[in-house]
Each structure stands twice: as C-alpha cells, then as structure tokens.
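Participant: So here's work-v5.cif, just mmCIF, C-alpha atoms:
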data_model
loop_
_atom_site.label_atom_id
_atom_site.label_comp_id
_atom_site.auth_asym_id
_atom_site.auth_seq_id
_atom_site.Cartn_x
_atom_site.Cartn_y
_atom_site.Cartn_z
CA VAL I 157 88.78 47.82 62.86
CA ILE I 158 87.07 50.98 61.64
CA VAL I 159 87.93 52.27 58.19
CA ARG I 160 86.72 55.86 57.96
CA GLU I 161 86.58 58.03 54.88
CA ASN I 162 88.24 61.20 56.12
CA THR I 163 87.84 63.87 53.43
CA GLU I 164 84.11 64.23 52.81
CA ASP I 165 80.70 64.11 54.48
CA LEU I 166 79.65 66.92 56.82
CA TYR I 167 83.26 67.26 57.96
CA LYS I 168 84.10 68.72 54.55
CA GLY I 169 83.21 71.98 56.26
CA ILE I 170 80.87 73.38 53.62
CA GLU I 171 78.67 75.63 55.72
CA TYR I 172 76.85 78.88 55.25
CA MET I 173 74.30 81.11 56.94
CA LEU I 174 70.87 81.39 55.32
CA ASN I 175 70.10 84.27 57.66
CA ASP I 176 71.03 85.33 61.21
CA GLU I 177 69.18 82.36 62.70
CA ILE I 178 69.70 79.51 60.24
CA ALA I 179 73.00 77.78 59.48
CA ASN I 180 73.27 75.07 56.82
CA GLY I 181 75.90 72.34 56.45
CA VAL I 182 76.36 70.43 53.18
CA LYS I 183 76.88 66.65 53.31
CA LEU I 184 79.17 66.01 50.36
CA ILE I 185 79.66 62.37 49.24
CA THR I 186 81.35 61.42 45.96
CA ARG I 187 81.48 58.07 44.22
CA PRO I 188 85.31 58.15 43.79
CA ALA I 189 85.87 58.67 47.53
CA CYS I 190 83.28 56.00 48.40
CA GLU I 191 84.85 53.50 46.04
CA LYS I 192 88.35 54.26 47.30
CA ILE I 193 87.49 53.77 50.98
CA CYS I 194 85.35 50.68 50.35
CA ARG I 195 88.04 49.07 48.22
CA PHE I 196 90.62 49.90 50.92
CA ALA I 197 88.43 48.23 53.58
CA PHE I 198 87.99 45.05 51.53
CA ASP I 199 91.69 44.94 50.62
CA TYR I 200 92.60 45.44 54.28
CA ALA I 201 90.24 42.64 55.31
CA ARG I 202 91.65 40.27 52.71
CA LYS I 203 95.30 41.03 53.56
CA ASN I 204 94.71 40.67 57.30
CA GLY I 205 92.60 37.51 57.32
CA ARG I 206 89.40 39.30 58.29
CA LYS I 207 86.09 37.67 57.42
CA LYS I 208 83.50 40.46 57.31
CA VAL I 209 83.21 44.04 56.13
CA THR I 210 80.14 45.97 57.25
CA ALA I 211 78.88 49.21 55.71
CA VAL I 212 77.81 51.86 58.23
CA HIS I 213 75.14 54.12 56.77
CA LYS I 214 71.74 55.78 57.16
CA ALA I 215 70.57 55.27 53.57
CA ASN I 216 67.00 54.85 54.78
CA ILE I 217 67.06 58.53 55.80
CA MET I 218 69.88 60.08 53.75
CA LYS I 219 68.69 58.47 50.54
CA LEU I 220 70.97 60.32 48.12
CA THR I 221 74.27 60.75 49.98
CA ASP I 222 74.29 57.60 52.10
CA GLY I 223 72.45 55.85 49.29
CA LEU I 224 75.42 56.57 46.99
CA PHE I 225 77.81 55.26 49.65
CA LEU I 226 75.76 52.06 50.14
CA ARG I 227 75.37 51.41 46.39
CA THR I 228 79.10 51.88 45.90
CA PHE I 229 79.86 49.60 48.85
CA ARG I 230 77.64 46.88 47.40
CA GLU I 231 79.27 47.19 43.97
CA VAL I 232 82.74 46.89 45.48
CA ALA I 233 81.60 44.08 47.82
CA ALA I 234 80.49 42.03 44.80
CA GLU I 235 84.17 41.82 43.78
CA TYR I 236 85.26 40.34 47.13
CA PRO I 237 84.35 36.99 48.68
CA ILE I 238 83.56 38.50 52.10
CA ASP I 239 80.21 38.64 53.85
CA ALA I 240 78.78 42.07 54.51
CA LEU I 241 76.53 42.13 57.59
CA CYS I 242 74.67 44.86 59.42
CA MET I 243 74.19 44.04 63.11
CA LYS I 244 73.91 45.94 66.33
CA LEU I 245 77.45 46.93 67.20
CA VAL I 246 76.86 47.58 70.86
CA GLN I 247 74.91 44.39 71.54
CA LYS I 248 77.32 41.98 69.84
CA PRO I 249 80.56 43.74 68.84
CA GLU I 250 82.34 40.40 68.46
CA GLN I 251 80.29 39.80 65.30
CA PHE I 252 82.09 42.64 63.52
CA ASP I 253 85.50 42.54 61.97
CA VAL I 254 86.03 45.54 59.62
CA LEU I 255 83.60 48.47 59.44
CA VAL I 256 83.74 50.98 56.58
CA ALA I 257 81.96 54.31 56.89
CA PRO I 258 81.74 57.87 55.61
CA ASN I 259 83.50 60.46 57.75
CA LEU I 260 80.75 61.44 60.22
CA TYR I 261 79.66 57.89 60.98
CA GLY I 262 83.27 56.77 61.22
CA ASP I 263 83.85 59.44 63.86
CA ILE I 264 80.80 58.39 65.85
CA ILE I 265 81.58 54.67 65.55
CA SER I 266 85.26 55.14 66.48
CA ASP I 267 84.24 56.93 69.69
CA LEU I 268 81.66 54.25 70.46
CA CYS I 269 84.13 51.40 69.85
CA ALA I 270 86.76 53.14 71.95
CA GLY I 271 84.18 53.31 74.72
CA LEU I 272 83.53 49.57 74.39
CA VAL I 273 87.20 48.79 75.07
CA GLY I 274 87.79 51.30 77.85
CA GLY I 275 88.07 54.73 76.27
CA LEU I 276 90.03 56.72 73.72
CA GLY I 277 93.26 55.84 75.51
CA PHE I 278 92.97 52.30 74.14
CA ALA I 279 92.10 53.11 70.51
CA PRO I 280 94.89 53.26 67.92
CA SER I 281 94.32 55.06 64.64
CA ALA I 282 95.80 55.52 61.19
CA ASN I 283 94.98 58.03 58.48
CA ILE I 284 95.99 56.44 55.17
CA GLY I 285 96.40 58.72 52.15
CA ASP I 286 97.75 58.08 48.68
CA SER I 287 101.28 59.09 49.65
CA THR I 288 101.14 59.85 53.38
CA ARG I 289 100.18 57.91 56.49
CA ILE I 290 99.63 59.31 59.97
CA TYR I 291 99.46 56.95 62.95
CA GLU I 292 98.07 58.38 66.18
CA ALA I 293 95.77 57.82 69.11
CA VAL I 294 92.18 58.12 67.84
CA HIS I 295 91.64 61.78 68.67
CA GLY I 296 90.45 64.14 71.29
CA SER I 297 92.08 66.12 74.02
CA ALA I 298 91.98 65.79 77.76
CA PRO I 299 92.76 69.20 79.25
CA ASP I 300 91.53 67.99 82.63
CA ILE I 301 94.44 65.52 82.91
CA ALA I 302 97.16 67.45 81.04
CA GLY I 303 100.43 67.55 82.97
CA LYS I 304 99.29 65.07 85.63
CA ASP I 305 101.26 62.06 84.31
CA ILE I 306 98.12 59.91 84.18
CA VAL I 307 97.55 59.68 80.42
CA ASN I 308 97.15 56.13 79.13
CA PRO I 309 99.84 55.48 76.46
CA THR I 310 98.17 52.33 75.07
CA ALA I 311 96.67 54.02 71.99
CA CYS I 312 100.02 55.57 71.04
CA ILE I 313 101.84 52.26 71.52
CA LEU I 314 99.24 50.38 69.44
CA SER I 315 99.38 53.08 66.75
CA ALA I 316 103.18 52.71 66.61
CA ALA I 317 102.74 48.94 66.24
CA MET I 318 100.34 49.54 63.34
CA MET I 319 102.93 51.80 61.71
CA LEU I 320 105.66 49.19 62.08
CA ARG I 321 103.42 46.46 60.66
CA TYR I 322 101.65 48.27 57.80
CA SER I 323 104.12 50.92 56.70
CA PHE I 324 107.39 49.10 57.28
CA GLY I 325 106.44 45.42 57.19
CA MET I 326 108.07 44.93 60.60
CA THR I 327 105.58 42.34 61.89
CA LYS I 328 107.88 40.81 64.50
CA GLU I 329 108.76 44.21 65.98
CA ALA I 330 105.08 45.25 65.94
CA ASP I 331 104.09 42.09 67.80
#
Could you rewrite the structure in this file as structure tokens?

Facilitator:
Amino acid sequence: VIVRENTEDLYKGIEYMLNDEIANGVKLITRPACEKICRFAFDYARKNGRKKVTAVHKANIMKLTDGLFLRTFREVAAEYPIDALCMKLVQKPEQFDVLVAPNLYGDIISDLCAGLVGGLGFAPSANIGDSTRIYEAVHGSAPDIAGKDIVNPTACILSAAMMLRYSFGMTKEAD
C-alpha cells in the first residue's frame, strides 16, 4: 500500500524562469500536510491490521524539505505501536506493508510497485481528501492501445473494491 501526499512537493507546480535558459521549480513541503498524511498512513495501517509503516524520503540530500517530512513522520510514529523500517523495496518488497511519502516520491514508488506486480493495469488507487474520495486506476494513459479492447481492467476492479470497502463499509461485496 502506498500512501502519497498529493497536494505539495514539486507537483505543487510552483515554477518560474530565471532567464531564457534556466527554469526553477519550488519543492514546497508543510508540516500540516506531512502530519496529515503520516497520521492517515498510521491510522490506515492500524485499521487494516498492517504491521509496518515506512517513510520514503531523501532527507540526506533534501535536508530541509524532506527533513521536515521525516521529522514529522517520526513524531507521528512515536504515537503508534508500529515499526518503521527503511529497506530496499525492489530487493525485498514483501518486507513492506504501508509506505507513506511526499507527492513526488509517492508517484515514483507507485509506478515502481505497479511494475513489480505486472504494470499499471494491476495497481488500484484512491485519492482521499477531507470530504471527497476518488478511486481510480493508478494513472497514466496508453494511447498505443486505445480502442483495441486489450486494456487490463484489474486496476479499475480493485479500485472499485477499495471504494466499496473503505467508503461504504461493504466488505463482503468488496471481497
């Protein structure tokens, strides 16, 4: 399970040109958004019998922005009796249970995890807001297969099952 903060980071879209040859993008990370997504990940793990929540970050390089995310994660983690591990996802994905990440890393990790299970056609997704939820296949488009009746519906079916389970409490129907 990947829990991705979806309103900040480089995807906030704060960009500007310094001159004709230099573009700059601002990586915006706020403590309230970090705390909200980390708390959501731990609550999700607790409610769904998950055992680990892992923070995805590059705080060794992005000391301020990812550092704020990691500090907030650790503060929230102290309130939950769940181990937080950092392992190599590709080498031993079975060691992970719930990953929580800022927007950019969540995007990268969701693509990578989809690749581990066979592609984006197998990866369900949910965007959870304060008052709105959107369930969908992870993302992406496939113009090369549009209209050929070969699209894999698994991600849409699994997303619908998530909606039934988490938005409507219809566990039996979701199963």

Participant: Mind listing as a PyMOL selection string all residues within 9 Å of (84.6, 63.3, 54.2), counting only C-alpha atoms?

Facilitator: chain I and resi 160-168+183-185+189+258-260

Participant: Let's have the selection written as a compact mmCIF listing (two decimals), keeping the file's coordinate frame, with C-alpha atoms.

Facilitator:
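Result went into again.txt, see below:
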# COMPACT_ATOMS: atom_id res chain seq x y z
CA ARG I 160 86.72 55.86 57.96
CA GLU I 161 86.58 58.03 54.88
CA ASN I 162 88.24 61.20 56.12
CA THR I 163 87.84 63.87 53.43
CA GLU I 164 84.11 64.23 52.81
CA ASP I 165 80.70 64.11 54.48
CA LEU I 166 79.65 66.92 56.82
CA TYR I 167 83.26 67.26 57.96
CA LYS I 168 84.10 68.72 54.55
CA LYS I 183 76.88 66.65 53.31
CA LEU I 184 79.17 66.01 50.36
CA ILE I 185 79.66 62.37 49.24
CA ALA I 189 85.87 58.67 47.53
CA PRO I 258 81.74 57.87 55.61
CA ASN I 259 83.50 60.46 57.75
CA LEU I 260 80.75 61.44 60.22

Participant: By how many Å are atom CA of Ala270 of chain I and atom CA of Lys219 of chain I apart?

Facilitator: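 Separating atom CA of Ala270 of chain I from atom CA of Lys219 of chain I is a distance of 28.5 Å.
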
Participant: For the provided coordinates, the residues matched by the PyMOL selection byres ((chain I and resi 198-203) around 9) should be stated as a JSON list (two decimals) with C-alpha atoms, in the frame of the given file.

Facilitator:
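Wrote it out as out33.json, contents follow:
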[["chain", "number", "residue", "atom", "x", "y", "z"],
["I", 193, "ILE", "CA", 87.49, 53.77, 50.98],
["I", 194, "CYS", "CA", 85.35, 50.68, 50.35],
["I", 195, "ARG", "CA", 88.04, 49.07, 48.22],
["I", 196, "PHE", "CA", 90.62, 49.90, 50.92],
["I", 197, "ALA", "CA", 88.43, 48.23, 53.58],
["I", 204, "ASN", "CA", 94.71, 40.67, 57.30],
["I", 205, "GLY", "CA", 92.60, 37.51, 57.32],
["I", 206, "ARG", "CA", 89.40, 39.30, 58.29],
["I", 207, "LYS", "CA", 86.09, 37.67, 57.42],
["I", 208, "LYS", "CA", 83.50, 40.46, 57.31],
["I", 209, "VAL", "CA", 83.21, 44.04, 56.13],
["I", 232, "VAL", "CA", 82.74, 46.89, 45.48],
["I", 233, "ALA", "CA", 81.60, 44.08, 47.82],
["I", 236, "TYR", "CA", 85.26, 40.34, 47.13],
["I", 237, "PRO", "CA", 84.35, 36.99, 48.68],
["I", 238, "ILE", "CA", 83.56, 38.50, 52.10],
["I", 253, "ASP", "CA", 85.50, 42.54, 61.97],
["I", 254, "VAL", "CA", 86.03, 45.54, 59.62],
["I", 256, "VAL", "CA", 83.74, 50.98, 56.58]]

Participant: For Val212 of chain I, which residue among I:Lys192, I:Ala257, I:Phe225, I:Glu171 is the nearest when counting all atoms listed in the file?

Facilitator: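 Closest candidate: I:Ala257.
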
Participant: Which value, in Å to one decimal, gives the distance between atom CA of Thr210 of chain I and atom CA of Gln251 of chain I?

Facilitator: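 Going from atom CA of Thr210 of chain I over to atom CA of Gln251 of chain I, I get 10.1 Å.
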
Participant: How would you write as JSON, numbers by chain the residues that get within 9 Å of (93.3, 53.7, 70.0) in the file's frame, counting only C-alpha atoms?

Facilitator: {"I": [266, 270, 275, 276, 277, 278, 279, 280, 281, 292, 293, 294, 295, 310, 311, 312, 313, 314, 315]}

Participant: For the residues in the current selection, export C-alpha atoms as a compact mmCIF listing (two decimals), keeping the file's coordinate frame.

Facilitator:
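Listed below is the output, result.txt:
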# COMPACT_ATOMS: atom_id res chain seq x y z
CA SER I 266 85.26 55.14 66.48
CA ALA I 270 86.76 53.14 71.95
CA GLY I 275 88.07 54.73 76.27
CA LEU I 276 90.03 56.72 73.72
CA GLY I 277 93.26 55.84 75.51
CA PHE I 278 92.97 52.30 74.14
CA ALA I 279 92.10 53.11 70.51
CA PRO I 280 94.89 53.26 67.92
CA SER I 281 94.32 55.06 64.64
CA GLU I 292 98.07 58.38 66.18
CA ALA I 293 95.77 57.82 69.11
CA VAL I 294 92.18 58.12 67.84
CA HIS I 295 91.64 61.78 68.67
CA THR I 310 98.17 52.33 75.07
CA ALA I 311 96.67 54.02 71.99
CA CYS I 312 100.02 55.57 71.04
CA ILE I 313 101.84 52.26 71.52
CA LEU I 314 99.24 50.38 69.44
CA SER I 315 99.38 53.08 66.75

Participant: Rounded to one decimal place, report the atom CA of Glu191 of chain I-atom CA of Glu235 of chain I distance in Å.

Facilitator: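 These two atoms are separated by 11.9 Å.
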
Participant: With a distance cut-off of 12 Å and only C-alpha atoms, select the neighbouring residues of Lys328 of chain I, excluding the residue or stretch itself and same-chain residues fewer than 5 positions from it, and output the selection as a list in words.

Facilitator: Ala317, Met318, Leu320, Arg321 and Tyr322 of chain I

Participant: For each of I:Ala179, I:Pro188, I:Ile265, I:Leu226, take the minimum atom-to-atom distance to Val159 of chain I, counting all atoms listed in the file, then give the residue where this is smallest.

Facilitator: I:Ile265

Participant: With only C-alpha atoms as the atoms that count, which of I:Asn308, I:Asn175, I:Asn216, I:Ser287 lies nearest to Gly274 of chain I?

Facilitator: I:Asn308
